[in-house]
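Here is the file model.tsv (TSV, C-alpha atoms).
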chain	number	residue	atom	x	y	z
A	1	MET	CA	6.66	16.88	29.33
A	2	MET	CA	8.03	16.32	25.82
A	3	PHE	CA	10.96	18.72	26.27
A	4	THR	CA	11.98	17.55	29.72
A	5	THR	CA	14.77	15.05	30.33
A	6	LEU	CA	12.25	12.34	31.17
A	7	GLY	CA	10.17	13.13	28.09
A	8	ARG	CA	13.21	12.89	25.81
A	9	TYR	CA	14.16	9.62	27.47
A	10	PHE	CA	10.72	8.11	26.86
A	11	PHE	CA	10.71	9.39	23.27
A	12	ARG	CA	14.13	7.87	22.64
A	13	ARG	CA	13.01	4.54	24.08
A	14	TYR	CA	9.95	4.54	21.81
A	15	ALA	CA	12.01	5.52	18.73
A	16	VAL	CA	14.63	2.82	19.37
A	17	THR	CA	11.95	0.17	19.93
A	18	THR	CA	10.17	1.19	16.73
A	19	PHE	CA	13.44	1.08	14.79
A	20	TRP	CA	14.23	-2.46	15.93
A	21	PHE	CA	10.71	-3.64	15.16
A	22	LEU	CA	10.99	-2.16	11.65
A	23	THR	CA	14.41	-3.77	11.19
A	24	GLY	CA	13.14	-7.18	12.28
A	25	ILE	CA	10.04	-7.01	10.09
A	26	PHE	CA	12.14	-5.80	7.14
A	27	ALA	CA	14.47	-8.79	7.48
A	28	LEU	CA	11.57	-11.21	7.88
A	29	ILE	CA	9.72	-9.82	4.85
A	30	PHE	CA	12.92	-9.88	2.79
A	31	ILE	CA	13.58	-13.55	3.50
A	32	ILE	CA	9.98	-14.66	2.90
A	33	ASP	CA	9.46	-12.56	-0.23
A	34	PHE	CA	12.81	-13.59	-1.74
A	35	SER	CA	12.02	-17.27	-1.17
A	36	GLU	CA	8.53	-16.93	-2.66
A	37	LEU	CA	9.86	-14.91	-5.59
A	38	SER	CA	12.61	-17.43	-6.34
A	39	ASN	CA	10.16	-20.35	-6.31
A	40	ARG	CA	7.73	-18.52	-8.57
A	41	MET	CA	10.14	-17.06	-11.12
A	42	SER	CA	13.22	-19.25	-11.16
A	43	GLN	CA	12.07	-20.81	-14.44
A	44	LEU	CA	11.85	-17.50	-16.30
A	45	PRO	CA	14.43	-17.11	-19.08
A	46	ARG	CA	16.11	-13.96	-17.69
A	47	TYR	CA	15.87	-14.78	-14.00
A	48	SER	CA	18.96	-14.31	-11.85
A	49	VAL	CA	19.63	-14.38	-8.11
A	50	ALA	CA	20.95	-10.81	-8.20
A	51	GLY	CA	17.81	-9.72	-10.05
A	52	ALA	CA	15.60	-11.49	-7.50
A	53	LEU	CA	17.39	-9.73	-4.65
A	54	LEU	CA	16.90	-6.40	-6.44
A	55	MET	CA	13.21	-7.07	-7.09
A	56	THR	CA	12.65	-8.07	-3.47
A	57	THR	CA	14.28	-4.80	-2.39
A	58	PHE	CA	11.90	-2.90	-4.68
A	59	ARG	CA	8.85	-4.73	-3.33
A	60	ILE	CA	9.61	-4.49	0.39
A	61	PRO	CA	8.58	-0.81	0.95
A	62	MET	CA	5.02	-1.46	-0.24
A	63	ILE	CA	4.72	-4.55	1.96
A	64	LEU	CA	6.32	-2.73	4.88
A	65	GLN	CA	3.83	0.11	4.51
A	66	GLN	CA	1.00	-2.34	5.19
A	67	THR	CA	2.60	-3.40	8.48
A	68	VAL	CA	3.10	0.13	9.86
A	69	PRO	CA	-0.05	0.11	12.09
A	70	PHE	CA	1.04	-3.15	13.72
A	71	VAL	CA	4.59	-1.83	14.17
A	72	ALA	CA	3.16	1.18	16.03
A	73	LEU	CA	1.01	-1.12	18.19
A	74	PHE	CA	3.77	-3.59	19.09
A	75	ALA	CA	6.41	-0.89	19.56
A	76	GLY	CA	4.14	1.00	21.95
A	77	MET	CA	3.33	-2.14	23.92
A	78	ALA	CA	6.96	-3.29	24.06
A	79	ALA	CA	8.26	0.11	25.18
A	80	LEU	CA	5.64	0.54	27.90
A	81	ILE	CA	5.98	-3.04	29.18
A	82	SER	CA	9.76	-2.63	29.32
A	83	LEU	CA	9.40	0.60	31.31
A	84	ASN	CA	6.95	-1.12	33.63
A	85	ARG	CA	9.23	-4.10	34.24
A	86	ARG	CA	12.00	-1.74	35.30
A	87	TYR	CA	9.54	0.14	37.53
A	88	GLU	CA	10.35	3.36	35.69
A	89	LEU	CA	6.65	4.12	35.18
A	90	VAL	CA	6.03	3.42	38.89
A	91	VAL	CA	8.65	6.03	39.81
A	92	THR	CA	7.20	8.41	37.23
A	93	ARG	CA	3.75	8.08	38.77
A	94	ALA	CA	5.18	8.50	42.25
A	95	ALA	CA	6.72	11.80	41.13
A	96	GLY	CA	3.21	13.08	40.42
A	97	ILE	CA	3.30	12.76	36.62
A	98	SER	CA	-0.01	11.56	35.22
A	99	VAL	CA	-0.49	9.03	32.45
A	100	TRP	CA	-1.54	11.79	30.07
A	101	GLN	CA	1.77	13.53	30.61
A	102	PHE	CA	4.18	10.62	30.26
A	103	LEU	CA	2.25	9.28	27.24
A	104	GLN	CA	2.94	12.50	25.31
A	105	PRO	CA	6.36	11.32	23.99
A	106	PHE	CA	4.79	8.06	22.78
A	107	VAL	CA	1.89	9.84	21.10
A	108	ILE	CA	4.19	12.37	19.42
A	109	GLY	CA	6.51	9.55	18.36
A	110	ALA	CA	3.60	7.67	16.76
A	111	LEU	CA	2.46	10.87	15.04
A	112	LEU	CA	5.93	11.50	13.60
A	113	PHE	CA	6.17	7.85	12.55
A	114	GLY	CA	2.91	8.21	10.62
A	115	ILE	CA	4.02	11.46	8.97
A	116	LEU	CA	7.31	9.90	7.87
A	117	THR	CA	5.39	6.94	6.45
A	118	VAL	CA	3.21	9.26	4.37
A	119	ILE	CA	5.89	11.63	3.08
A	120	ALA	CA	8.83	9.22	2.76
A	121	LEU	CA	7.88	5.53	2.78
A	122	ASN	CA	4.77	5.88	0.57
A	123	PRO	CA	6.56	7.56	-2.40
A	124	ILE	CA	9.40	5.02	-2.16
A	125	ALA	CA	6.85	2.17	-2.08
A	126	ALA	CA	5.01	3.49	-5.16
A	127	TRP	CA	8.28	3.90	-7.07
A	128	GLY	CA	9.58	0.50	-6.00
A	129	THR	CA	6.36	-1.23	-7.09
A	130	LYS	CA	6.71	0.21	-10.59
A	131	GLN	CA	10.35	-0.87	-10.80
A	132	ALA	CA	9.50	-4.39	-9.64
A	133	GLU	CA	6.75	-4.73	-12.25
A	134	ALA	CA	9.07	-3.50	-14.99
A	135	LEU	CA	11.77	-5.95	-13.93
A	136	GLU	CA	9.29	-8.84	-13.83
A	137	ALA	CA	8.05	-8.03	-17.33
A	138	GLU	CA	11.65	-7.81	-18.54
A	139	TRP	CA	12.26	-11.33	-17.27
A	140	GLY	CA	9.49	-12.59	-19.53
A	141	SER	CA	6.88	-13.33	-16.91
A	142	SER	CA	3.52	-14.42	-18.34
A	143	SER	CA	1.69	-13.95	-15.05
A	144	SER	CA	2.05	-10.95	-12.78
A	145	ALA	CA	-0.80	-11.73	-10.45
A	146	HIS	CA	1.22	-10.98	-7.36
A	147	SER	CA	2.53	-7.58	-8.40
A	148	ALA	CA	0.64	-6.25	-11.38
A	149	ILE	CA	-2.20	-3.82	-11.38
A	150	SER	CA	-5.61	-5.38	-11.81
A	151	ILE	CA	-6.39	-4.59	-15.42
A	152	PRO	CA	-9.83	-4.15	-16.94
A	153	TRP	CA	-10.33	-4.63	-20.64
A	154	LEU	CA	-10.08	-1.40	-22.61
A	155	ARG	CA	-12.59	-0.80	-25.41
A	156	GLN	CA	-11.94	1.69	-28.20
A	157	ILE	CA	-13.73	2.55	-31.45
A	158	TYR	CA	-11.66	4.02	-34.25
A	159	GLY	CA	-13.64	4.50	-37.46
A	160	ASN	CA	-15.31	1.17	-38.21
A	161	ASP	CA	-12.88	-0.80	-36.05
A	162	ASP	CA	-14.35	-1.79	-32.69
A	163	THR	CA	-11.51	-3.12	-30.53
A	164	ILE	CA	-11.08	-4.57	-27.07
A	165	ILE	CA	-7.60	-4.56	-25.54
A	166	GLY	CA	-6.49	-6.65	-22.57
A	167	ALA	CA	-3.11	-7.31	-20.93
A	168	ARG	CA	-1.39	-9.16	-18.10
A	169	SER	CA	0.35	-6.18	-16.53
A	170	VAL	CA	0.91	-2.45	-16.84
A	171	GLN	CA	4.07	-0.37	-16.89
A	172	ASP	CA	4.87	3.32	-17.11
A	173	GLU	CA	1.56	4.37	-15.47
A	174	GLY	CA	-0.55	2.77	-18.19
A	175	ARG	CA	1.46	3.80	-21.26
A	176	THR	CA	2.88	0.29	-21.75
A	177	LEU	CA	0.93	-2.97	-21.62
A	178	VAL	CA	2.62	-6.38	-21.30
A	179	ASN	CA	1.36	-9.69	-22.81
A	180	VAL	CA	-1.38	-7.99	-24.80
A	181	THR	CA	-4.46	-9.44	-26.49
A	182	VAL	CA	-6.37	-7.32	-29.02
A	183	LEU	CA	-9.77	-8.44	-30.33
A	184	HIS	CA	-11.26	-6.79	-33.44
A	185	PHE	CA	-15.03	-6.79	-34.05
A	186	ASP	CA	-17.09	-6.00	-37.11
A	187	PRO	CA	-20.22	-3.76	-36.93
A	188	LEU	CA	-22.35	-6.87	-36.14
A	189	GLY	CA	-20.24	-7.68	-33.07
A	190	THR	CA	-18.47	-10.72	-34.56
A	191	ILE	CA	-14.77	-11.24	-33.89
A	192	VAL	CA	-12.90	-10.85	-37.17
A	193	SER	CA	-9.30	-11.01	-35.95
A	194	ARG	CA	-7.09	-11.31	-32.93
A	195	GLN	CA	-3.65	-9.93	-32.22
A	196	ASP	CA	-1.37	-11.23	-29.46
A	197	ALA	CA	1.65	-9.06	-28.70
A	198	ALA	CA	4.48	-9.09	-26.19
A	199	THR	CA	4.00	-5.39	-25.44
A	200	ALA	CA	1.87	-2.47	-26.58
A	201	LYS	CA	3.13	1.09	-26.10
A	202	LEU	CA	0.79	4.06	-26.39
A	203	GLU	CA	2.25	6.55	-28.85
A	204	ASP	CA	0.73	9.72	-30.29
A	205	GLY	CA	-2.42	8.45	-32.03
A	206	TYR	CA	-1.66	4.72	-32.07
A	207	TRP	CA	-0.65	1.67	-30.04
A	208	LEU	CA	2.71	0.23	-31.10
A	209	LEU	CA	2.48	-3.57	-30.82
A	210	ASN	CA	5.71	-5.58	-30.62
A	211	ALA	CA	6.27	-9.29	-31.39
A	212	VAL	CA	2.77	-9.69	-32.80
A	213	THR	CA	0.91	-12.88	-33.76
A	214	GLU	CA	-2.14	-12.01	-35.87
A	215	THR	CA	-4.95	-14.53	-36.36
A	216	ARG	CA	-7.91	-14.14	-38.73
A	217	ASN	CA	-10.86	-16.41	-39.40
A	218	GLY	CA	-9.98	-19.07	-41.95
A	219	GLN	CA	-6.31	-18.03	-42.20
A	220	LEU	CA	-3.05	-19.26	-40.73
A	221	PRO	CA	-1.54	-17.10	-37.94
A	222	ARG	CA	0.85	-14.45	-39.18
A	223	ARG	CA	3.83	-13.20	-37.18
A	224	LEU	CA	4.90	-9.55	-37.34
A	225	ALA	CA	7.76	-7.73	-35.67
A	226	THR	CA	5.59	-4.66	-35.06
A	227	ALA	CA	2.10	-3.45	-35.84
A	228	GLN	CA	0.22	-0.21	-35.29
A	229	LEU	CA	-3.27	0.04	-33.85
A	230	PRO	CA	-4.80	3.50	-34.40
A	231	THR	CA	-6.46	5.01	-31.34
A	232	HIS	CA	-8.07	8.18	-30.01
A	233	LEU	CA	-7.09	7.28	-26.44
A	234	LYS	CA	-4.94	9.78	-24.59
A	235	PRO	CA	-2.21	8.75	-22.12
A	236	GLU	CA	-4.01	10.53	-19.27
A	237	PHE	CA	-7.21	8.59	-20.00
A	238	VAL	CA	-5.39	5.26	-20.05
A	239	GLN	CA	-3.53	6.07	-16.84
A	240	GLU	CA	-6.72	6.90	-14.98
A	241	THR	CA	-8.40	3.75	-16.32
A	242	LEU	CA	-5.62	1.33	-15.41
A	243	THR	CA	-3.89	2.83	-12.38
A	244	LYS	CA	-4.83	1.37	-9.02
A	245	ALA	CA	-5.35	3.87	-6.19
A	246	ASP	CA	-2.88	2.36	-3.71
A	247	SER	CA	-0.11	2.34	-6.34
A	248	ILE	CA	-0.19	6.15	-6.62
A	249	GLN	CA	2.08	8.07	-4.29
A	250	PHE	CA	0.42	10.44	-1.85
A	251	PHE	CA	1.67	13.66	-3.46
A	252	ASP	CA	0.16	12.71	-6.85
A	253	LEU	CA	-3.27	11.65	-5.57
A	254	GLN	CA	-4.88	15.10	-5.58
A	255	ARG	CA	-3.82	15.75	-9.19
A	256	LYS	CA	-4.96	12.27	-10.25
A	257	ILE	CA	-8.36	12.86	-8.66
A	258	GLU	CA	-8.82	16.09	-10.61
A	259	VAL	CA	-7.78	14.42	-13.88
A	260	ALA	CA	-10.12	11.48	-13.26
A	261	LYS	CA	-13.01	13.85	-12.60
A	262	SER	CA	-12.29	15.69	-15.84
A	263	PHE	CA	-12.73	12.38	-17.72
A	264	GLY	CA	-15.87	11.52	-15.79
A	265	PHE	CA	-14.30	8.56	-13.96
A	266	PRO	CA	-15.42	7.65	-10.42
A	267	THR	CA	-12.82	8.82	-7.92
A	268	ASN	CA	-14.02	7.01	-4.80
A	269	GLY	CA	-10.97	4.75	-4.65
A	270	MET	CA	-8.42	7.55	-4.99
A	271	GLU	CA	-10.28	9.83	-2.58
A	272	THR	CA	-10.47	7.04	-0.02
A	273	GLN	CA	-6.75	6.38	-0.45
A	274	PHE	CA	-5.99	10.09	-0.08
A	275	HIS	CA	-7.96	10.41	3.17
A	276	SER	CA	-6.53	7.10	4.43
A	277	MET	CA	-3.00	8.44	4.03
A	278	LEU	CA	-4.01	11.71	5.71
A	279	SER	CA	-5.50	9.82	8.65
A	280	LEU	CA	-2.59	7.36	8.99
A	281	PRO	CA	-0.66	9.41	11.61
A	282	LEU	CA	-3.78	9.57	13.80
A	283	LEU	CA	-4.37	5.84	13.24
A	284	LEU	CA	-0.93	5.18	14.70
A	285	VAL	CA	-1.80	7.44	17.63
A	286	ALA	CA	-4.94	5.33	18.15
A	287	MET	CA	-2.80	2.17	18.07
A	288	THR	CA	-0.53	3.72	20.70
A	289	LEU	CA	-3.49	4.54	22.97
A	290	ILE	CA	-4.69	0.93	22.62
A	291	ALA	CA	-1.16	-0.26	23.47
A	292	ALA	CA	-1.15	1.99	26.54
A	293	SER	CA	-4.56	0.80	27.71
A	294	VAL	CA	-3.30	-2.81	27.94
A	295	SER	CA	0.31	-2.20	29.03
A	296	LEU	CA	0.35	0.33	31.84
A	297	LYS	CA	-0.76	-2.07	34.58
A	298	PHE	CA	1.36	-4.98	33.46
A	299	SER	CA	3.64	-5.02	36.50
A	300	ARG	CA	1.12	-4.20	39.21
A	301	PHE	CA	-1.40	-6.85	38.19
A	302	ASN	CA	-0.32	-10.29	37.10
A	303	GLN	CA	-2.32	-10.21	33.86
A	304	SER	CA	0.42	-10.23	31.26
A	305	ARG	CA	-0.78	-12.87	28.85
A	306	PRO	CA	-4.50	-12.08	28.61
A	307	VAL	CA	-3.87	-8.33	28.64
A	308	ILE	CA	-1.21	-8.47	25.92
A	309	LEU	CA	-3.35	-10.84	23.87
A	310	GLY	CA	-6.28	-8.46	24.28
A	311	GLY	CA	-4.15	-5.57	23.00
A	312	ILE	CA	-3.02	-7.53	19.97
A	313	LEU	CA	-6.58	-8.64	19.24
A	314	SER	CA	-7.88	-5.07	19.63
A	315	GLY	CA	-5.25	-3.73	17.22
A	316	PHE	CA	-6.00	-6.49	14.72
A	317	VAL	CA	-9.75	-5.80	14.88
A	318	LEU	CA	-9.12	-2.08	14.37
A	319	TYR	CA	-6.93	-2.79	11.34
A	320	VAL	CA	-9.48	-5.18	9.81
A	321	VAL	CA	-12.33	-2.70	10.37
A	322	THR	CA	-10.23	0.07	8.82
A	323	VAL	CA	-9.48	-2.02	5.71
A	324	LEU	CA	-13.11	-3.14	5.45
A	325	VAL	CA	-14.53	0.36	5.72
A	326	LYS	CA	-11.91	1.56	3.25
A	327	ALA	CA	-13.19	-1.03	0.77
A	328	PHE	CA	-16.72	0.32	1.30
A	329	GLY	CA	-15.42	3.81	0.60
A	330	SER	CA	-13.61	2.73	-2.57
A	331	SER	CA	-16.79	1.09	-3.89
A	332	GLY	CA	-18.89	4.17	-3.16
A	333	ILE	CA	-21.07	2.58	-0.47
A	334	VAL	CA	-19.65	4.95	2.17
A	335	PRO	CA	-18.36	8.49	1.51
A	336	PRO	CA	-14.53	8.37	1.23
A	337	PHE	CA	-14.01	10.93	4.01
A	338	VAL	CA	-16.20	8.95	6.41
A	339	ALA	CA	-14.61	5.63	5.40
A	340	ALA	CA	-11.09	6.88	6.16
A	341	TRP	CA	-11.67	8.93	9.31
A	342	LEU	CA	-14.50	7.20	11.18
A	343	PRO	CA	-12.51	4.12	12.38
A	344	VAL	CA	-9.64	6.35	13.48
A	345	VAL	CA	-11.86	8.72	15.47
A	346	VAL	CA	-13.75	5.82	17.09
A	347	ALA	CA	-10.50	4.02	18.00
A	348	MET	CA	-8.97	7.16	19.52
A	349	ALA	CA	-12.14	7.82	21.51
A	350	LEU	CA	-12.25	4.20	22.69
A	351	GLY	CA	-8.58	4.17	23.73
A	352	SER	CA	-8.95	7.48	25.57
A	353	THR	CA	-12.09	6.26	27.33
A	354	ILE	CA	-10.37	3.09	28.55
A	355	LEU	CA	-7.42	5.09	29.85
A	356	LEU	CA	-9.72	7.56	31.59
A	357	HIS	CA	-11.60	4.70	33.24
A	358	GLU	CA	-8.45	2.86	34.35
A	359	GLU	CA	-6.37	5.83	35.45
A	360	ASP	CA	-8.84	8.49	36.55
A	361	GLY	CA	-11.81	6.34	37.57

Could I get this structure in the form of structure tokens?
Amino acid sequence: MMFTTLGRYFFRRYAVTTFWFLTGIFALIFIIDFSELSNRMSQLPRYSVAGALLMTTFRIPMILQQTVPFVALFAGMAALISLNRRYELVVTRAAGISVWQFLQPFVIGALLFGILTVIALNPIAAWGTKQAEALEAEWGSSSSAHSAISIPWLRQIYGNDDTIIGARSVQDEGRTLVNVTVLHFDPLGTIVSRQDAATAKLEDGYWLLNAVTETRNGQLPRRLATAQLPTHLKPEFVQETLTKADSIQFFDLQRKIEVAKSFGFPTNGMETQFHSMLSLPLLLVAMTLIAASVSLKFSRFNQSRPVILGGILSGFVLYVVTVLVKAFGSSGIVPPFVAAWLPVVVAMALGSTILLHEEDG
């Protein structure tokens, strides 16, 4: 079916519909994100409209990646409903072609869409997120809650110096910290000094602090251009501690998992992300089957609104369950493989069962 004239026609209709949905969502996200970004950062000292447009462009791929399952669902529904309204599916059925045959182009299109998302959109999204964070830090932002990696406090012991390091945001995969606070403790656990720095860059054997304000008990604050904080921490260790799983591009996940295991870190989050990206093409296929189950009888039965609403609700529930189970996998409650693949398998089985019941009795 896929290589016939009709199959190519259906595939082209699905591809064009998907393209226009992506274009519309891209434009909508761009407008909303640019407006939100301008309101939030317009007071920063180095803010500019051109810079805001550039940052929005960097941020869009990551946001767009989150909408891919819904794009597959709506594109499948729109393409099938359009074919039904023109009675093209009626003619196809009359020619003796079953639903399983004429759905092949849509299923293959969804599968290719998922593969392109994994191998092309995901690396661009990871790179764009890093560039956006670097640009925001360069503007002098004191709060990166919307774009920065969630940062735990790092604790290091170097000789008799027990130190805790915290920051607002991370750049360069954990090698550079922005808006840094360093607390120094004595052997009894009492804070003896505090250092606040604009940035801290991990060099070979020390942190290089820039624009430092040092405060000690009973003394006036002292300002320093730079200061060095000795450390035994390695860049790989810091990266694995601070890097969030969904900010790592797909092709680096396997290597990151091996490095994290070598340091004894839990890898549930990265393994769940890895399997989630692997299962994404099949998740889009499941969305397409759900779209088909609520769209094929649109013209023959006057049930457009409830049926379409049911399809949207089913897709939304599937997405929420997928995200929820993924969170369970990242926290270690559910094995990562099960957390990523179980919702996809169940959704595909459910969509196939509904189609079998409606089309084949």

If I take atom CA of A:Ala95 and atom CA of A:Ala286, how far is one from the other in Å, to one decimal?
26.6 Å

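You will find atom CA of A:Thr5 at 23.1 Å from atom CA of A:Ala72.
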
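Distance check against A:Gly311 using all atoms listed in the file: of A:Gln254, A:Lys201, A:Gly329, A:Phe74, the minimum falls on A:Phe74.
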
Give me the residues near A:Val178 as number ranges by chain, where near means some atom within 6 Å (using all atoms listed in the file) and where sequence neighbours in that chain fewer than 4 positions away do not count.
A: 167-169, 198-199

Next, dump the selected residues to file, keeping only C-alpha atoms, as a compact mmCIF listing (two decimals), keeping the file's coordinate frame.
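selection_25.txt was written with the following content:
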# COMPACT_ATOMS: atom_id res chain seq x y z
CA ALA A 167 -3.11 -7.31 -20.93
CA ARG A 168 -1.39 -9.16 -18.10
CA SER A 169 0.35 -6.18 -16.53
CA ALA A 198 4.48 -9.09 -26.19
CA THR A 199 4.00 -5.39 -25.44

Neighbour list for stretch 49-56 of chain A as an mmCIF file with C-alpha atoms, in the coordinates of the input, cut-off 7 Å, all atoms listed in the file, skip fewer than 6 positions in-chain:
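Saved result, selection24.cif, follows:
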data_model
loop_
_atom_site.group_PDB
_atom_site.id
_atom_site.type_symbol
_atom_site.label_atom_id
_atom_site.label_comp_id
_atom_site.auth_asym_id
_atom_site.auth_seq_id
_atom_site.Cartn_x
_atom_site.Cartn_y
_atom_site.Cartn_z
ATOM 1 C CA PHE A 30 12.920 -9.880 2.790
ATOM 2 C CA ASP A 33 9.460 -12.560 -0.230
ATOM 3 C CA PHE A 34 12.810 -13.590 -1.740
ATOM 4 C CA LEU A 37 9.860 -14.910 -5.590
ATOM 5 C CA SER A 38 12.610 -17.430 -6.340
ATOM 6 C CA ALA A 132 9.500 -4.390 -9.640
#

Long-range neighbours of A:Val346 as a short mmCIF file (atom, residue, chain, number, x, y, z; two decimals) with C-alpha atoms, in the frame of the given file, 12 Å cut-off, only C-alpha atoms, 3 positions minimum in chain:
data_model
loop_
_atom_site.label_atom_id
_atom_site.label_comp_id
_atom_site.auth_asym_id
_atom_site.auth_seq_id
_atom_site.Cartn_x
_atom_site.Cartn_y
_atom_site.Cartn_z
CA LEU A 282 -3.78 9.57 13.80
CA LEU A 283 -4.37 5.84 13.24
CA ALA A 286 -4.94 5.33 18.15
CA MET A 287 -2.80 2.17 18.07
CA LEU A 289 -3.49 4.54 22.97
CA ILE A 290 -4.69 0.93 22.62
CA LEU A 318 -9.12 -2.08 14.37
CA VAL A 321 -12.33 -2.70 10.37
CA THR A 322 -10.23 0.07 8.82
CA VAL A 338 -16.20 8.95 6.41
CA ALA A 339 -14.61 5.63 5.40
CA ALA A 340 -11.09 6.88 6.16
CA TRP A 341 -11.67 8.93 9.31
CA LEU A 342 -14.50 7.20 11.18
CA PRO A 343 -12.51 4.12 12.38
CA ALA A 349 -12.14 7.82 21.51
CA LEU A 350 -12.25 4.20 22.69
CA GLY A 351 -8.58 4.17 23.73
CA SER A 352 -8.95 7.48 25.57
CA THR A 353 -12.09 6.26 27.33
#

Non-local contacts of A:Gly159 (12 Å; all atoms listed in the file; under 2 positions in same chain excluded) as an MDAnalysis selection string
chainID A and resid 156:157 161:163 185:187 229:232
